[in-house]
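Pasting work.cif here (mmCIF, C-alpha atoms and all ligand atoms):
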```cif
data_run
#
loop_
_atom_site.label_atom_id
_atom_site.label_comp_id
_atom_site.auth_asym_id
_atom_site.auth_seq_id
_atom_site.Cartn_x
_atom_site.Cartn_y
_atom_site.Cartn_z
CA MET A 24 85.23 99.38 90.51
CA LYS A 25 83.80 100.40 87.17
CA ILE A 26 82.94 97.63 84.72
CA THR A 27 82.72 98.50 81.04
CA ILE A 28 81.47 95.93 78.54
CA THR A 29 81.76 96.54 74.82
CA LYS A 30 79.49 94.98 72.23
CA THR A 31 82.24 93.62 70.04
CA GLU A 32 85.94 92.85 70.04
CA GLN A 33 86.55 95.77 67.66
CA GLU A 34 84.83 98.15 70.05
CA PHE A 35 86.88 96.68 72.90
CA ASP A 36 90.10 97.45 71.02
CA GLN A 37 88.95 100.99 70.37
CA VAL A 38 87.80 101.75 73.91
CA ALA A 39 91.01 100.26 75.31
CA ALA A 40 93.11 102.28 72.86
CA TRP A 41 91.38 105.45 74.01
CA ARG A 42 92.19 104.66 77.63
CA ILE A 43 95.88 104.83 76.64
CA ILE A 44 95.50 107.89 74.42
CA SER A 45 93.37 109.78 76.95
CA GLN A 46 96.02 109.27 79.62
CA LEU A 47 98.62 110.55 77.20
CA LEU A 48 96.59 113.61 76.27
CA ALA A 49 95.77 114.39 79.90
CA ARG A 50 99.42 114.17 80.90
CA PRO A 51 101.93 114.11 78.02
CA ALA A 52 104.67 112.98 80.45
CA ALA A 53 102.53 110.07 81.69
CA VAL A 54 104.12 106.80 82.77
CA ILE A 55 102.06 104.04 81.17
CA GLY A 56 102.31 100.31 81.84
CA LEU A 57 101.35 97.86 79.11
CA SER A 58 100.78 94.12 78.89
CA THR A 59 101.67 91.72 76.12
CA GLY A 60 99.46 88.87 74.88
CA GLN A 61 96.58 88.31 72.49
CA THR A 62 94.30 90.67 74.41
CA THR A 63 96.36 93.79 73.82
CA ILE A 64 97.58 93.41 70.20
CA GLY A 65 94.41 95.01 68.78
CA MET A 66 94.39 97.99 71.14
CA HIS A 67 98.04 98.71 70.40
CA ARG A 68 97.28 98.60 66.68
CA VAL A 69 94.41 101.07 67.11
CA VAL A 70 96.62 103.47 69.12
CA SER A 71 99.20 103.33 66.32
CA GLU A 72 96.56 103.87 63.62
CA ILE A 73 95.05 106.87 65.40
CA HIS A 74 98.51 108.33 65.93
CA ALA A 75 99.34 107.89 62.24
CA ARG A 76 96.20 109.81 61.22
CA TYR A 77 96.10 112.39 64.00
CA PRO A 78 99.61 112.61 65.45
CA PHE A 79 99.69 113.45 69.16
CA ASP A 80 102.78 114.26 71.15
CA VAL A 81 104.64 111.17 72.37
CA SER A 82 107.97 112.86 73.05
CA GLN A 83 107.54 112.83 76.83
CA VAL A 84 105.56 109.67 77.53
CA THR A 85 107.21 106.76 79.31
CA PHE A 86 106.08 103.26 78.36
CA PHE A 87 106.99 100.05 80.15
CA ASN A 88 105.63 96.52 80.17
CA VAL A 89 104.40 94.95 83.39
CA ASP A 90 106.69 91.97 82.89
CA GLU A 91 109.53 90.50 80.83
CA LEU A 92 110.78 86.98 80.16
CA THR A 93 114.17 86.02 81.53
CA ASN A 94 117.08 83.91 80.27
CA LEU A 95 116.37 84.12 76.57
CA PRO A 96 117.47 86.63 73.95
CA ARG A 97 115.66 89.98 73.85
CA SER A 98 115.44 89.58 70.08
CA TYR A 99 113.08 86.58 70.51
CA ALA A 100 109.79 87.61 68.88
CA GLY A 101 107.93 86.67 72.08
CA SER A 102 110.03 88.79 74.43
CA CYS A 103 107.92 91.58 75.89
CA TYR A 104 110.49 94.13 74.77
CA THR A 105 110.22 93.03 71.14
CA MET A 106 106.44 92.71 71.19
CA ILE A 107 105.81 96.15 72.66
CA TYR A 108 108.53 97.70 70.52
CA ARG A 109 106.94 96.32 67.33
CA GLN A 110 103.35 96.99 68.36
CA LEU A 111 103.61 100.45 69.88
CA VAL A 112 106.98 102.02 70.68
CA GLY A 113 108.30 101.69 67.10
CA PRO A 114 105.12 102.72 65.23
CA LEU A 115 104.56 105.73 67.53
CA GLY A 116 108.20 106.78 67.44
CA VAL A 117 108.55 106.91 71.22
CA PRO A 118 112.18 107.80 72.07
CA GLU A 119 113.94 104.58 73.10
CA GLU A 120 115.13 106.07 76.40
CA ASN A 121 111.46 106.46 77.31
CA PHE A 122 110.76 102.75 76.91
CA ILE A 123 111.77 101.34 80.26
CA MET A 124 112.28 97.59 80.37
CA PRO A 125 114.40 95.19 82.37
CA PRO A 126 116.87 93.11 80.35
CA THR A 127 116.06 89.51 79.41
CA LEU A 128 119.60 88.37 80.24
CA SER A 129 121.44 89.20 83.43
CA ASP A 130 123.59 87.68 86.16
CA ASP A 131 121.63 89.59 88.77
CA PHE A 132 117.89 89.87 88.24
CA VAL A 133 117.35 90.98 91.83
CA ALA A 134 119.39 94.10 91.06
CA GLU A 135 117.61 94.50 87.69
CA ALA A 136 114.20 94.32 89.37
CA ALA A 137 115.23 97.05 91.83
CA LEU A 138 116.66 99.17 89.01
CA PHE A 139 113.45 98.80 86.96
CA GLU A 140 111.41 100.08 89.90
CA ARG A 141 113.89 102.89 90.57
CA ARG A 142 113.69 104.08 86.98
CA LEU A 143 109.89 104.15 87.11
CA ALA A 144 109.95 105.94 90.48
CA GLU A 145 112.36 108.57 89.09
CA ARG A 146 109.67 109.44 86.55
CA GLY A 147 107.05 109.81 89.24
CA GLY A 148 105.72 106.24 89.29
CA ALA A 149 103.15 104.62 87.05
CA ASP A 150 100.00 106.58 86.18
CA LEU A 151 98.18 103.84 84.29
CA GLN A 152 98.52 100.08 83.99
CA MET A 153 96.71 98.28 81.18
CA LEU A 154 96.60 94.90 82.87
CA GLY A 155 95.96 91.53 81.24
CA ILE A 156 94.71 88.50 83.15
CA GLY A 157 95.87 84.92 82.69
CA MET A 158 93.56 81.92 82.59
CA ASN A 159 94.55 81.07 86.17
CA GLY A 160 94.04 84.65 87.29
CA HIS A 161 97.67 85.70 87.10
CA ILE A 162 98.56 89.35 86.64
CA GLY A 163 101.94 90.19 85.16
CA ILE A 164 103.59 86.86 85.83
CA ASN A 165 102.46 86.68 89.47
CA GLN A 166 101.02 83.18 89.69
CA PRO A 167 98.37 81.97 92.18
CA GLY A 168 99.79 81.97 95.70
CA THR A 169 101.92 85.10 95.21
CA PRO A 170 101.65 87.28 98.32
CA PHE A 171 99.87 90.57 97.70
CA GLY A 172 102.84 92.39 99.26
CA SER A 173 105.25 91.01 96.65
CA ASP A 174 107.79 93.41 95.17
CA THR A 175 109.02 93.27 91.57
CA TRP A 176 110.71 89.87 91.27
CA VAL A 177 111.42 86.86 89.06
CA SER A 178 108.44 84.50 89.15
CA PRO A 179 108.07 81.06 87.62
CA MET A 180 105.88 81.00 84.50
CA ASP A 181 102.76 78.93 84.26
CA PRO A 182 103.68 75.53 82.78
CA ASP A 183 101.74 75.80 79.48
CA PHE A 184 103.21 79.18 78.69
CA GLU A 185 106.70 78.01 79.59
CA ALA A 186 106.35 74.95 77.33
CA ARG A 187 105.40 77.20 74.43
CA VAL A 188 108.31 79.56 75.01
CA ARG A 189 110.72 76.62 75.19
CA ARG A 190 109.41 75.23 71.90
CA GLU A 191 109.76 78.60 70.19
CA THR A 192 113.17 79.52 71.57
CA GLN A 193 114.91 76.14 71.80
CA VAL A 194 116.38 77.31 75.09
CA PRO A 195 118.21 74.29 76.57
CA ASP A 196 116.29 72.41 79.29
CA ASP A 197 118.86 73.24 81.96
CA VAL A 198 118.27 76.99 81.54
CA VAL A 199 115.61 78.13 84.00
CA LEU A 200 113.00 80.32 82.34
CA GLY A 201 110.95 82.77 84.32
CA GLY A 202 109.55 86.20 84.21
CA LEU A 203 110.62 89.42 85.81
CA THR A 204 107.30 90.92 86.81
CA ARG A 205 106.17 93.93 88.74
CA GLY A 206 105.03 92.58 92.09
CA ILE A 207 101.41 92.74 93.12
CA LYS A 208 102.31 95.56 95.52
CA ASN A 209 103.87 97.59 92.70
CA ILE A 210 100.93 96.98 90.37
CA MET A 211 98.56 98.13 93.13
CA GLN A 212 100.60 101.31 93.64
CA THR A 213 99.79 102.38 90.08
CA ARG A 214 97.43 105.36 90.10
CA LYS A 215 94.93 103.79 87.73
CA ILE A 216 94.44 100.19 86.62
CA VAL A 217 92.43 99.04 83.60
CA LEU A 218 92.06 95.26 83.68
CA VAL A 219 91.43 94.08 80.13
CA ALA A 220 90.02 90.76 78.94
CA LYS A 221 88.31 89.58 75.81
CA GLY A 222 86.95 86.27 74.58
CA ALA A 223 84.62 83.65 76.07
CA HIS A 224 87.57 81.67 77.45
CA LYS A 225 88.23 84.49 79.93
CA ALA A 226 84.63 84.85 81.21
CA GLU A 227 84.92 82.39 84.10
CA ILE A 228 88.19 83.70 85.52
CA VAL A 229 87.07 87.32 85.13
CA GLU A 230 83.91 86.59 87.09
CA LYS A 231 85.90 84.88 89.86
CA ALA A 232 88.42 87.71 89.97
CA ILE A 233 85.97 90.59 90.19
CA LEU A 234 82.93 89.10 91.90
CA GLY A 235 84.49 86.37 94.04
CA PRO A 236 86.49 86.67 97.24
CA VAL A 237 89.77 88.57 97.24
CA THR A 238 92.27 85.73 97.51
CA MET A 239 95.90 84.95 96.74
CA ASP A 240 94.62 81.93 94.78
CA ILE A 241 93.42 84.39 92.13
CA PRO A 242 96.00 87.18 91.98
CA ALA A 243 93.74 89.42 89.83
CA SER A 244 91.13 89.49 92.62
CA VAL A 245 93.37 92.02 94.42
CA ILE A 246 92.23 94.76 92.03
CA GLN A 247 88.89 94.83 93.88
CA LEU A 248 90.85 96.72 96.54
CA HIS A 249 92.17 99.36 94.14
CA PRO A 250 90.46 102.76 94.42
CA GLU A 251 90.83 103.71 90.74
CA CYS A 252 90.14 100.58 88.78
CA GLU A 253 88.20 99.79 85.64
CA VAL A 254 87.47 96.36 84.23
CA LEU A 255 87.12 96.53 80.46
CA LEU A 256 85.64 93.49 78.73
CA ASP A 257 84.16 92.55 75.40
CA ALA A 258 80.72 90.94 75.52
CA ALA A 259 82.17 87.42 75.21
CA ALA A 260 84.31 87.85 78.35
CA ALA A 261 81.36 89.08 80.44
CA SER A 262 79.35 86.35 82.18
CA PRO A 263 75.68 87.05 82.98
CA ASP A 264 76.56 87.88 86.60
CA VAL A 265 79.27 90.29 85.47
CA VAL A 266 76.80 91.96 83.09
CA LYS A 267 74.42 92.36 86.02
CA ALA A 268 77.16 93.80 88.22
CA ALA A 269 78.17 96.24 85.46
CA GLY A 270 74.73 97.84 85.54
CA PRO A 271 74.17 100.91 83.38
CA SER A 272 77.76 101.15 82.11
CA VAL A 273 76.89 98.36 79.65
CA ALA A 274 74.15 100.39 77.99
CA LYS A 275 76.33 103.49 77.90
CA VAL A 276 78.99 101.82 75.79
CA ALA A 277 76.59 99.75 73.70
CA LYS A 278 74.68 102.90 72.60
CA ARG A 279 77.72 104.67 71.13
C1 LIG B 301 101.04 86.49 79.81
C2 LIG B 301 101.58 87.87 80.15
C3 LIG B 301 100.55 88.63 80.95
C4 LIG B 301 99.25 88.65 80.16
C5 LIG B 301 98.72 87.26 80.00
C6 LIG B 301 97.42 87.18 79.19
O1 LIG B 301 101.13 85.68 80.93
N1 LIG B 301 102.80 87.77 80.89
O2 LIG B 301 101.01 89.93 81.22
O3 LIG B 301 98.33 89.43 80.84
O4 LIG B 301 99.70 86.51 79.34
O5 LIG B 301 97.68 86.90 77.86
P1 LIG B 301 96.58 86.85 76.72
O6 LIG B 301 96.14 88.24 76.51
O7 LIG B 301 97.29 86.29 75.54
O8 LIG B 301 95.49 85.99 77.22
#
```

In structure tokens, what does this structure look like?
Amino acid sequence: MKITITKTEQEFDQVAAWRIISQLLARPAAVIGLSTGQTTIGMHRVVSEIHARYPFDVSQVTFFNVDELTNLPRSYAGSCYTMIYRQLVGPLGVPEENFIMPPTLSDDFVAEAALFERRLAERGGADLQMLGIGMNGHIGINQPGTPFGSDTWVSPMDPDFEARVRRETQVPDDVVLGGLTRGIKNIMQTRKIVLVAKGAHKAEIVEKAILGPVTMDIPASVIQLHPECEVLLDAAAASPDVVKAAGPSVAKVAKR
């Protein structure tokens, strides 16, 4: 596992943006998985800015998000579809048929989960997953305790996040909210994973996930088993032990 630590948040956004762009330049028909949340807003903005100044071909790329909320309208500003559309797909002008997402509303999410995977498989499977990490170590919406062999499914949300979504959407209490998320198995089948985290609040969970034991209690710890995995952090998210484990890659980035 390669660990890259950037000096600042701005540098983090730039390095992360270049991970996406490099994949796109290396393979214009790449299938790229994204994550929503505070961590990725900046990198998506930088990708859009670079594209606006130096347009690169996005006509063949496939984008998808690792997860999507269920049982609320897709037009909700916090739906993954809307967030990624506004942050990246829209600004880049990626053809809508190349933005693969499950619906937020359905009578049969089991079928939707299978269809989502089928559509990604038809395009050759995911090349790259930019993967966020939750404060409890979740990846996608796979909460602690999720079996590593899990297939794309509807998972409960963590309670704080669910409370926020309920406040913002006024979804009635009797409607069950959840998240359709790629399973841990599917995430691990991605050819390359870049786990991204920034901010001091993430330092403890990042350290546990990448230096601690591989355990279902911390879903993100599974990435230690991935052969092509990079952990990209800003300085605030890197604990002293993580800095030590990163070794010379710290200096390489800091010297830029
Ligand atoms: C949510 C998303 C995850 C994301 C995580 C981290 O749970 N479903 O995919 O990785 O939040 O979010 P943030 O970057 O805001 O900390």

Give me, as a Markdown table, the closest atom pair and its distance (Å, one decimal) for every residue of segment 128-169 of chain A within a cut-off of 12 Å of segment 210-214 of chain A, counting all atoms listed in the file, rows sorted by chain and rising number.
```
| residue | atom | partner | partner_atom | distance |
| --- | --- | --- | --- | --- |
| A:Glu140 | CA | A:Ile210 | CA | 10.9 |
| A:Leu143 | CA | A:Thr213 | CA | 10.7 |
| A:Ala144 | CA | A:Thr213 | CA | 10.8 |
| A:Gly147 | CA | A:Thr213 | CA | 10.4 |
| A:Gly148 | CA | A:Thr213 | CA | 7.1 |
| A:Ala149 | CA | A:Thr213 | CA | 5.0 |
| A:Asp150 | CA | A:Arg214 | CA | 4.8 |
| A:Leu151 | CA | A:Arg214 | CA | 6.1 |
| A:Gln152 | CA | A:Thr213 | CA | 6.6 |
| A:Met153 | CA | A:Ile210 | CA | 10.2 |
| A:Leu154 | CA | A:Ile210 | CA | 8.9 |
| A:Gly155 | CA | A:Ile210 | CA | 11.7 |
| A:Ile162 | CA | A:Ile210 | CA | 8.8 |
| A:Gly163 | CA | A:Ile210 | CA | 8.6 |
| A:Ile164 | CA | A:Ile210 | CA | 11.4 |
| A:Asn165 | CA | A:Ile210 | CA | 10.5 |
```

Could the residues in this selection be saved with C-alpha atoms as a short mmCIF file (atom, residue, chain, number, x, y, z; two decimals), in the coordinates of the input?
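Saved as part_38.cif:
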```
data_model
loop_
_atom_site.label_atom_id
_atom_site.label_comp_id
_atom_site.auth_asym_id
_atom_site.auth_seq_id
_atom_site.Cartn_x
_atom_site.Cartn_y
_atom_site.Cartn_z
CA GLU A 140 111.41 100.08 89.90
CA LEU A 143 109.89 104.15 87.11
CA ALA A 144 109.95 105.94 90.48
CA GLY A 147 107.05 109.81 89.24
CA GLY A 148 105.72 106.24 89.29
CA ALA A 149 103.15 104.62 87.05
CA ASP A 150 100.00 106.58 86.18
CA LEU A 151 98.18 103.84 84.29
CA GLN A 152 98.52 100.08 83.99
CA MET A 153 96.71 98.28 81.18
CA LEU A 154 96.60 94.90 82.87
CA GLY A 155 95.96 91.53 81.24
CA ILE A 162 98.56 89.35 86.64
CA GLY A 163 101.94 90.19 85.16
CA ILE A 164 103.59 86.86 85.83
CA ASN A 165 102.46 86.68 89.47
#
```

*Find, counting only C-alpha atoms and all ligand atoms, the residue in A:Ile107, A:Ile156, A:Ala269, A:Leu95 that gets nearest to ligand LIG 301 (chain B).*
A:Ile156

*Long-range neighbours of Gly116 of chain A as a PyMOL selection string, 10 Å cut-off, all atoms listed in the file, 4 positions minimum in chain*: chain A and resi 71+74+80-82+108+111-112

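Using only C-alpha atoms, the residues found no farther than 9 Å from Gln33 of chain A, other than those of its own chain fewer than 6 positions away, are Gly65, Met66 and Asp257 of chain A.
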
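Nearest to ligand LIG 301 (chain B) of all the residues A:Gln37, A:Ser45, A:Asn159, A:Thr105 is A:Asn159, counting all atoms listed in the file.
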
*Within 8 Å of segment 184-192 of chain A, counting all atoms listed in the file, which residues qualify if same-chain residues fewer than 6 places away don't, as a VMD selection string?*
chain A and resid 95 99 101 200 to 201
